[in-house]
Structures are given as C-alpha cells and as structure tokens.
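Everything below concerns the one structure shown next.
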Protein chains: 2
Amino acid sequence: MAAVSRQTVSNAVNSPHLVRADTLERVRAVIAQVGYRPHRAARTLRTRRSHLLAVPLQPPTDTIGGSVLDQFLHSLTVHAQAQDNRVLLFAAEDDDREIALYDELLDDHDVDAFVLTGTHRNDRRTEWLAGRGAVFVTFGRPWGADAHHGWVDVDGAAGTFAATMDLIERGHRRLAFLGWPDGSGVGDDRRFGFDRACAQAGISITGWRLSVVNELAAGRAAGAQLLDADEPPTAIVCVSDTLALGVWTELTARRLQPGRDVAVVGFDDTPTAAVIGLSSVAQPLNEAAMACLRMLTDVLSDPADGPPDPVLLEPRLTSRASSG
Amino acid sequence: MAAVSRQTVSNAVNSPHLVRADTLERVRAVIAQVGYRPHRAARTLRTRRSHLLAVPLQPPTDTIGGSVLDQFLHSLTVHAQAQDNRVLLFAAEDDDREIALYDELLDDHDVDAFVLTGTHRNDRRTEWLAGRGAVFVTFGRPWGADAHHGWVDVDGAAGTFAATMDLIERGHRRLAFLGWPDGSGVGDDRRFGFDRACAQAGISITGWRLSVVNELAAGRAAGAQLLDADEPPTAIVCVSDTLALGVWTELTARRLQPGRDVAVVGFDDTPTAAVIGLSSVAQPLNEAAMACLRMLTDVLSDPADGPPDPVLLEPRLTSRASSG
DNA sequence: GTGAAAGCGCTAACAT
DNA sequence: ATGTTAGCGCTTTCAC
C-alpha cells in the first residue's frame with residue numbers, strides 16, 4: 001500500500017505536478033505493482049470526457065477505391081490509441097439520420113469529437129455540428145462554403161499535376177484527362193492539376209478531356225473514344241484507379257500494352273493498381289489521420305481558439321509499368 | 001412532469017413489467033417529450049455493461065481482398081447499432097499486444113464482448129479470452145483445436161464445389177485448381193471443395209493442382225505454367241480473386257479471352273472482380289455479421305450455457321463473363 | 001406497484 | 001502538498 005488518499009492517486013495520474021516527487025514515485029510504484037487502471041465509465045461520468053472519437057462508417061462501395069478509407073481508419077485507430085483515445089464506429093443511411101446519431105453520441109456517450117469523411121457540397125452535418133458546438137474535423141475540404149471548422153485534405157490538383165508533369169518529362173505531348181462530371185469538388189480539383197501542368201508546358205488539350213461516371217465500363221468506353229480519335233493521345237491521366245482500370249482493359253483488349261503503347265495513370269493507389277502495375281497517385285493517409293488527431297487535440301485542449309488552420313497534404317506519385 | 005420517482009423512470013425503461021400500465025404510459029410520454037435518454041457512463045458504472053463490442057482492426061493488406069473485412073465491419077456496425085450496441089475499434093501489432101488490449105478493454109471499458117476475425121492455428125487470443133471468461137465470437141473457424149467458443153464461418157469448400165460444378169455443367173472436363181500452400185486452413189478448405197466436385201464427376205486432376213502465395217505475379221506465373229502444359233486445362237478455379245486476377249492477366253497477355261478461351265473463377269467477390277467481369281464466390285458477409293451478433297446476444301443473456309452452436313454459412317457463386 | 005436509500009469509481013472543489 | 005467531502009446519473013436492494 002502507498003498509504004495515501006484516493007485523491008492523491010487521482011492527482012498522481014491526472015495532475016502529477018500537484019504531487020511531491022517522492023510521493024509521486026511511491027504512488028506510481030504501487031500503481032504499477034497492482035496494475036491499477038482507472039475505470040473509464042466512472043471517469044467519464046465525472047469529467048464528461050469519454051476519450052472516444054466517433055467515426056461514421058461509409059457504406060462499402062462496389063468500386064476498387066474502398067480501401068482508401070479503410071487505411072485511413074486503421075491509421076486513425078492506431079494513433080488515437082497511442083493517445084489513450086478510442087474509435088467508436090457508427091453508420092447512418094443519410095445525413096439526417098447521421099445528425100440524429102451525433103446528438104445521441106454526444107448526449108449519451110459524451111463522445112469527445114467526430115472525424116467525418118466524405119464531405120460534400122452543402123453538407124448539413126458540419127453545419128449542425130458547428131451549431132451545436134461539437135468538436136470535429138473533416139477529412140475532406142468543405143467544398144463550396146467557407147470553413148468554420150478544421151479540416152485535413154489531400155491536394156488532388158498537386159497529385160495530377162505531378163502525374164502529368166512526369167508524363168511530359170517522359171516525352172509525351174499528346175495528353176488526355178479522363179475525369180468525372182463537373183461539380184464533384186474532388187474531381188474538379190484533380191482535373192485542375194492536369195490543366196495547370198499542360199498550360200505550364202504549353203500543351204494544348206482541346207478535345208482530350210472526357211468526363212464520365214466512376215465505373216470501369218465508362219472508363220473503358222471513354223478510353224476507346226480517345227484511342228479512336230484522329231490523333232489519339234499517347235498518355236491518359238485518370239481521376240481514379242477505377243477509370244484507369246477501364247482504360248487499361250480497353251488497351252489490353254486492343255492488344256496494346258499499357259506503358260509501352262499508351263501511358264496510363266490512375267489516382268488513389270489502390271491495391272489493384274499495385275497488383276497490376278498501374279501508376280497511380282497515392283494519398284498520404286497516415287499523415288492525414290495524424291493531422292486529424294493533432295487538430296482535435298489542439299481544439300480539445302484550447303476550445304476558445306477559433307477553427308484551426310486547415311492542413312493540405314501533398315500526394316505522392318507511384319510510378320509503375322503503366323507509365324512507360 | 002410525470003410526478004414519479006427517478007426509480008420508476010428507471011424501471012419504465014429497463015423493466016417495464018414492474019410498472020403499472022398507466023404509469024408506464026405516462027412516463028413514456030414524458031420521456032418522449034423531453035427527449036430523455038439515459039447516460040451511458042452512469043449506466044455502465046452501475047451495471048458493468050457498456051453495450052460496447054470491441055473489434056480488432058487488421059492492418060490493411062496490399063491485396064485486393066481487403067474489402068471483405070470492410071463489408072463485414074460495416075454490417076456489424078449497422079446491426080449492432082440497431083440493438084443499442086456500438087462497435088469500438090482497436091488495433092494491435094501481434095497477438096500478445098492484442099491480448100494486453102483485451103485486458104484493458106475489459107477492465108477499463110467494461111466491453112461486453114469481442115468479435116475476432118482472422119483466426120489462425122494455435123490462436124492464443126481465443127485461449128486467453130476463454131480462460132478469462134470473456135464473451136466473444138470469431139468470424140472464422142478455430143482451425144486445428146476444438147472449439148471452446150462460438151464461431152461463424154463461411155463454407156469455403158461448398159463455394160469451390162459450386163464453382164467447380166458450374167464449370168463441369170458448362171462442359172469443362174480439364175479443370176485446374178490454383179491454391180495456396182498447404183496448412184492455411186482457409187486454403188485447404190477451398191481446395192477440398194474442388195477435389196470433391198472433381199471426384200464426384202469422375203474427373204482426374206493429376207498435375208493440375210498448383211499452390212502459390214497470394215500475389216498477382218505468382219498467380220500469373222502459375223497460370224502460364226498451366227497453359228504451357230501438354231494438355232492445358234480449359235477452366236481454372238482459384239482460391240482467391242488475387243490469384244484469379246493473375247491468371248486473367250496472363251490470359252490477356254496471351255491474347256486469350258477469359259471465359260471464351262479459358263474459364264477462370266476467383267474467390268471473395270471483391271469489387272475488382274465485379275469490375276472486370278471475373279466470376280467469383282461471394283461470402284455472405286451480412287449474414288455472417290448478423291450471426292455473430294445473434295450468438296453474442298444469446299451468450300450474454302444466458303452466460304450459463306456452454307459455447308453456442310457454430311454457424312457455417314453457404315457462399316454464393318457469382319457468374320460473370322469469365323465463366324464463359 | 002412505487003418510493004427511498006445506497007453506492008458503482010472517479011475527480012472538482014474546498015479544507016487543512 | 002495532501003486529505004476530506006460531495007456528487008456525476010444511474011440501478012440494485014429493500015422498505016412500504
């Protein structure tokens with residue numbers, strides 16, 4: 001026994017500076033010896049802090065890009081754990097139901113903060129959370145509206161810029177971009193990087209910018225269309241691995257070899273890309289998760305400050321056989 | 001106000017049968033009106049039940065099969081939520097560290113139960129949990145040892161049996177199986193279904209059973225080896241979508257069309273398979289998640305009973321272009 | 001069937 | 001710097 005009051009133990013754990021050094025040491029020794037660990041529910045009840053981070057799980061999509069959030073979530077879990085926080089999952093079918101869950105999570109579980117993914121235009125979720133005064137970060141920019149909250153995102157334009165520049169340096173001059181229809185935020189951003197690289201290199205891109213939905217078949221059809229043009233492109237930058245895989249499929253069907261005959265680059269660096277040798281732009285998901293956590297820690301420790309500065313991370317081009 | 005004691009409210013919520021009907025109705029009306037919801041930490045502190053399910057997150061792999069656990073986790077979250085339970089994530093680098101976390105989760109968070117995935121031979125985790133008397137289920141059989149716990153799994157052999165039979169019915173007689181090296185449990189099980197189907201149809205498989213690691217390049221090389229045989233197979237059943245994709249790659253490189261020239265079937269029905277038109281065996285992940293939850297509910301409500309009966313679910317063959 | 005008392009394990013506030 | 005008191009919100013137990 002350390003022969004001290006319960007309170008001194010609490011102080012030793014939570015506010016070591018209040019305890020004299022030798023007492024602290026003695027208490028810590030006993031804590032280690034008996035393996036004492038404070039009970040979370042009791043602590044939460046008293047402090048209104050649960051050390052829980054709530055994360056909404058997106059419904060799994062049937063595209064190959066699903067693994068992106070998977071990696072982010074894993075990283076978030078690992079690093080939250082290292083700070084004595086845990087990740088609590090929830091799932092909602094639409095924004096309204098998700099908001100109802102926020103309310104419940106906040107009231108019942110005393111959840112400390114939220115990490116949202118998949119932000120979109122006119123996202124009512126962020127509005128609601130901000131209005132309620134909840135602590136949260138989004139992985140993804142607040143497209144459209146001004147940010148009244150902290151966010152972390154990956155600079156998609158920088159990614160496609162790097163990919164396009166790489167192709168130009170490899171000698172390509174007839175470049176195409178295969179993107180998503182206008183208005184998707186992420187898609188517009190990525191196209192912008194391509195445009196900027198071409199402009200900088202003085203390359204015209206008339207007629208070589210196609211927009212299709214994010215499905216392999218659509219990518220394949222678009223690839224066919226590009227290849228059938230009078231002066232077909234020698235390199236195709238794609239907004240996603242799914243579309244790149246579509247182009248890939250069309251190339252191999254025509255007995256053309258990706259990389260040797262026509263260069264293809266995707267985006268997201270999914271396992272599929274790695275597996276088939278498709279060059280792709282990789283998001284730094286570990287860094288993104290850590291930036292989210294750092295931001296939350298800052299806000300939680302100093303709630304008075306305004307929204308924290310956003311963090312925009314640079315993606316990294318992974319060159320594989322399909323770059324030529 | 002309902003003008004009743006705090007206790008009556010508690011009873012109305014937790015033990016409605018103790019409260020007279022009209023009182024119950026009155027209390028419920030007020031609860032709905034003021035939006036009262038009990039505070040979880042307080043309840044947990046009193047009852048030692050957190051309504052939390054802890055799930056270890058596997059590190060993301062670089063194979064296309066990662067989405068399988070993703071879907072399972074989503075389903076688990078959705079259905080747990082419907083029963084007023086939540087999913088708490090954690091991550092560990094190895095079994096020993098994972099066990100240390102169990103201990104912490106049990107003591108500090110009063111976690112009600114665990115759902116483990118990725119069971120393997122001599123899994124110390126299940127031993128430890130059983131020894132500690134914790135409630136848990138595994139998604140995955142207890143390979144090797146006898147089961148002293150509830151488990152849910154998918155009948156891999158039935159999946160490859162169905163896939164093989166389907167090919168036989170389509171007229172194939174020269175069938176090959178591309179599997180993993182012996183001893184992996186899951187892999188052995190899936191190979192067994194192929195063997196059984198061939199035996200049942202009186203088909204010899206000498207020389208057409210290859211085992212390689214789960215990588216695209218390995219699958220491709222194995223595919224090449226099979227195609228170069230004196231009498232090459234007309235159909236190849238693969239233990240995974242990754243290996244099937246390897247075979248696919250080799251086929252298209254040889255200007256052979258999967259399905260028309262040689263049939264290929266994978267396992268796990270990953271998004272990649274759907275996207276490229278690869279036939280594959282799909283695990284019923286929704287059912288698996290629900291079975292896990294049902295099992296846990298049973299054990300939690302009646303801890304006295306022995307381990308519950310295991311559940312073995314039938315997978316479903318999804319035929320696409322690659323079946324011919 | 002309903003109410004009152006006690007206490008789960010912890011920490012904020014205050015007293016020493 | 002340490003100890004004491006009170007109370008977070010709930011439910012188990014017991015009295016009525």
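Every chain in the structure tokens takes a letter, A first, then B, and so on in the order presented; its residues are numbered from 1, and the ligands are numbered from 1 following the presented order.
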
- Task: Do a neighbour search on stretch 311-313 of chain A at 6 Å with only C-alpha atoms (C1' of nucleotides), toss out local chain neighbours closer than 3 positions, and write the hits as a PyMOL selection string.
- Result: chain A and resi 152-155

Please build the interface table for chain B against chain C with a cut-off of 10 Å, listing for each qualifying residue the nearest atom pair and the distance in Å to one decimal; count only C-alpha atoms (C1' of nucleotides), order rows by chain and increasing number, and write it as JSON lines.
```
{"residue": "B:Val4", "atom": "CA", "partner": "C:DT2", "partner_atom": "C1'", "distance": 8.4}
{"residue": "B:Ser5", "atom": "CA", "partner": "C:DG3", "partner_atom": "C1'", "distance": 6.5}
{"residue": "B:Arg6", "atom": "CA", "partner": "C:DG3", "partner_atom": "C1'", "distance": 8.9}
{"residue": "B:Gln7", "atom": "CA", "partner": "C:DG3", "partner_atom": "C1'", "distance": 7.6}
{"residue": "B:Thr8", "atom": "CA", "partner": "C:DT2", "partner_atom": "C1'", "distance": 7.0}
{"residue": "B:Leu18", "atom": "CA", "partner": "C:DG1", "partner_atom": "C1'", "distance": 7.1}
{"residue": "B:Val19", "atom": "CA", "partner": "C:DG1", "partner_atom": "C1'", "distance": 6.2}
{"residue": "B:Arg20", "atom": "CA", "partner": "C:DG1", "partner_atom": "C1'", "distance": 6.4}
{"residue": "B:Thr23", "atom": "CA", "partner": "C:DG1", "partner_atom": "C1'", "distance": 9.4}
{"residue": "B:Ala42", "atom": "CA", "partner": "C:DC8", "partner_atom": "C1'", "distance": 8.5}
{"residue": "B:Arg43", "atom": "CA", "partner": "C:DC8", "partner_atom": "C1'", "distance": 9.2}
{"residue": "B:Thr44", "atom": "CA", "partner": "C:DC8", "partner_atom": "C1'", "distance": 8.8}
{"residue": "B:Leu45", "atom": "CA", "partner": "C:DC8", "partner_atom": "C1'", "distance": 5.3}
{"residue": "B:Arg46", "atom": "CA", "partner": "C:DC8", "partner_atom": "C1'", "distance": 4.7}
{"residue": "B:Thr47", "atom": "CA", "partner": "C:DC8", "partner_atom": "C1'", "distance": 7.9}
{"residue": "B:Arg48", "atom": "CA", "partner": "C:DC8", "partner_atom": "C1'", "distance": 8.7}
```

Return as JSON lines the residues of chain A lying at most 7 Å from chain B, together with the closest atom-to-atom pair for each and the distance in Å to one decimal, counting only C-alpha atoms, with rows in chain order and ascending residue number.
```
{"residue": "A:Arg37", "atom": "CA", "partner": "B:Asp108", "partner_atom": "CA", "distance": 6.9}
{"residue": "A:Pro38", "atom": "CA", "partner": "B:Asp108", "partner_atom": "CA", "distance": 6.6}
{"residue": "A:His39", "atom": "CA", "partner": "B:Asp108", "partner_atom": "CA", "distance": 4.7}
{"residue": "A:Arg40", "atom": "CA", "partner": "B:Asp108", "partner_atom": "CA", "distance": 5.3}
{"residue": "A:Ala41", "atom": "CA", "partner": "B:Ala41", "partner_atom": "CA", "distance": 4.6}
{"residue": "A:Ala42", "atom": "CA", "partner": "B:Leu45", "partner_atom": "CA", "distance": 5.9}
{"residue": "A:Thr44", "atom": "CA", "partner": "B:Ala41", "partner_atom": "CA", "distance": 6.1}
{"residue": "A:Leu45", "atom": "CA", "partner": "B:Ala41", "partner_atom": "CA", "distance": 5.5}
{"residue": "A:Leu57", "atom": "CA", "partner": "B:His74", "partner_atom": "CA", "distance": 6.7}
{"residue": "A:Pro59", "atom": "CA", "partner": "B:His74", "partner_atom": "CA", "distance": 6.7}
{"residue": "A:Pro60", "atom": "CA", "partner": "B:Gln71", "partner_atom": "CA", "distance": 6.0}
{"residue": "A:Asp62", "atom": "CA", "partner": "B:Pro271", "partner_atom": "CA", "distance": 5.1}
{"residue": "A:Thr63", "atom": "CA", "partner": "B:Pro271", "partner_atom": "CA", "distance": 5.5}
{"residue": "A:Ile64", "atom": "CA", "partner": "B:Pro271", "partner_atom": "CA", "distance": 5.5}
{"residue": "A:Gly66", "atom": "CA", "partner": "B:Ser67", "partner_atom": "CA", "distance": 6.9}
{"residue": "A:Ser67", "atom": "CA", "partner": "B:Ser67", "partner_atom": "CA", "distance": 6.5}
{"residue": "A:Gln71", "atom": "CA", "partner": "B:Pro60", "partner_atom": "CA", "distance": 6.0}
{"residue": "A:His74", "atom": "CA", "partner": "B:Pro59", "partner_atom": "CA", "distance": 6.7}
{"residue": "A:Thr77", "atom": "CA", "partner": "B:Phe90", "partner_atom": "CA", "distance": 6.1}
{"residue": "A:Val78", "atom": "CA", "partner": "B:Ala91", "partner_atom": "CA", "distance": 5.8}
{"residue": "A:Arg86", "atom": "CA", "partner": "B:Leu89", "partner_atom": "CA", "distance": 6.8}
{"residue": "A:Val87", "atom": "CA", "partner": "B:Leu89", "partner_atom": "CA", "distance": 5.4}
{"residue": "A:Leu88", "atom": "CA", "partner": "B:Leu88", "partner_atom": "CA", "distance": 4.7}
{"residue": "A:Leu89", "atom": "CA", "partner": "B:Val87", "partner_atom": "CA", "distance": 5.4}
{"residue": "A:Phe90", "atom": "CA", "partner": "B:Thr77", "partner_atom": "CA", "distance": 6.1}
{"residue": "A:Ala91", "atom": "CA", "partner": "B:Val78", "partner_atom": "CA", "distance": 5.8}
{"residue": "A:Asp108", "atom": "CA", "partner": "B:His39", "partner_atom": "CA", "distance": 4.7}
{"residue": "A:His109", "atom": "CA", "partner": "B:Arg40", "partner_atom": "CA", "distance": 5.7}
{"residue": "A:Leu216", "atom": "CA", "partner": "B:Val275", "partner_atom": "CA", "distance": 6.0}
{"residue": "A:Thr252", "atom": "CA", "partner": "B:Thr252", "partner_atom": "CA", "distance": 6.7}
{"residue": "A:Pro271", "atom": "CA", "partner": "B:Asp62", "partner_atom": "CA", "distance": 5.1}
{"residue": "A:Thr272", "atom": "CA", "partner": "B:Ile64", "partner_atom": "CA", "distance": 5.8}
{"residue": "A:Val275", "atom": "CA", "partner": "B:Leu216", "partner_atom": "CA", "distance": 6.0}
```

Mind running chain D against chain A at 8 Å and telling me each contacting residue's nearest atom pair with the distance in Å (one decimal), counting only C-alpha atoms (C1' of nucleotides), chain and number ascending, as a tab-separated table?
```
residue	atom	partner	partner_atom	distance
D:DA1	C1'	A:Val19	CA	6.3
D:DT2	C1'	A:Thr8	CA	7.0
D:DG3	C1'	A:Ser5	CA	6.6
D:DC8	C1'	A:Arg46	CA	4.7
D:DG9	C1'	A:Leu45	CA	7.7
```

Filtering to N, CA, C and O atoms (P, O5', C5', C4', C3', O3' and C1' of nucleotides), could you give me those residues as a compact mmCIF listing (two decimals), in the first residue's frame?
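Written out: out11.txt:
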```
# COMPACT_ATOMS: atom_id res chain seq x y z
P DA D 1 3.58 21.79 -3.45
O5' DA D 1 3.38 20.26 -3.07
C5' DA D 1 4.29 19.69 -2.14
C4' DA D 1 3.51 18.88 -1.15
C3' DA D 1 2.83 17.65 -1.76
O3' DA D 1 2.98 16.60 -0.81
C1' DA D 1 1.18 19.04 -0.74
P DT D 2 2.60 15.12 -1.10
O5' DT D 2 1.14 15.00 -0.49
C5' DT D 2 1.02 14.73 0.91
C4' DT D 2 -0.39 14.99 1.36
C3' DT D 2 -1.41 13.93 0.99
O3' DT D 2 -1.60 13.10 2.13
C1' DT D 2 -2.30 16.15 0.95
P DG D 3 -2.63 11.91 2.13
O5' DG D 3 -3.96 12.61 2.69
C5' DG D 3 -3.92 13.24 3.96
C4' DG D 3 -5.27 13.83 4.30
C3' DG D 3 -6.44 12.86 4.15
O3' DG D 3 -7.31 13.02 5.26
C1' DG D 3 -6.84 14.82 2.84
P DC D 8 -24.93 15.80 -8.93
O5' DC D 8 -24.51 15.37 -10.40
C5' DC D 8 -23.48 16.03 -11.13
C4' DC D 8 -22.74 15.01 -11.95
C3' DC D 8 -23.65 13.94 -12.54
O3' DC D 8 -24.05 14.35 -13.85
C1' DC D 8 -21.64 12.98 -11.60
P DG D 9 -25.56 14.65 -14.14
O5' DG D 9 -26.16 13.19 -14.33
C5' DG D 9 -25.68 12.37 -15.37
C4' DG D 9 -26.20 10.97 -15.15
C3' DG D 9 -27.72 10.86 -15.00
O3' DG D 9 -28.15 9.89 -15.94
C1' DG D 9 -26.64 9.70 -13.26
```

- Item | Those in stretch 40-219 of chain A with alpha helix (DSSP H) from DSSP, as a ChimeraX atom specification | /A:40-47,67-82,95-109,124-132,156-169,186-201,216-219

- Task: Quick one: everything within 10 Å of A:Leu293, counting only C-alpha atoms (C1' of nucleotides), minus sequence neighbours fewer than 3 positions away in the same chain. Send it as a PyMOL selection string.
- Result: chain A and resi 53+76+79-80+83+85+113+115+136-137+287-290+296-299

- When you draw a straight line from atom CA of A:Ala162 to atom CA of A:Arg220, how long is it in Å?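 Straight-line distance from atom CA of A:Ala162 to atom CA of A:Arg220 works out to 23.8 Å.
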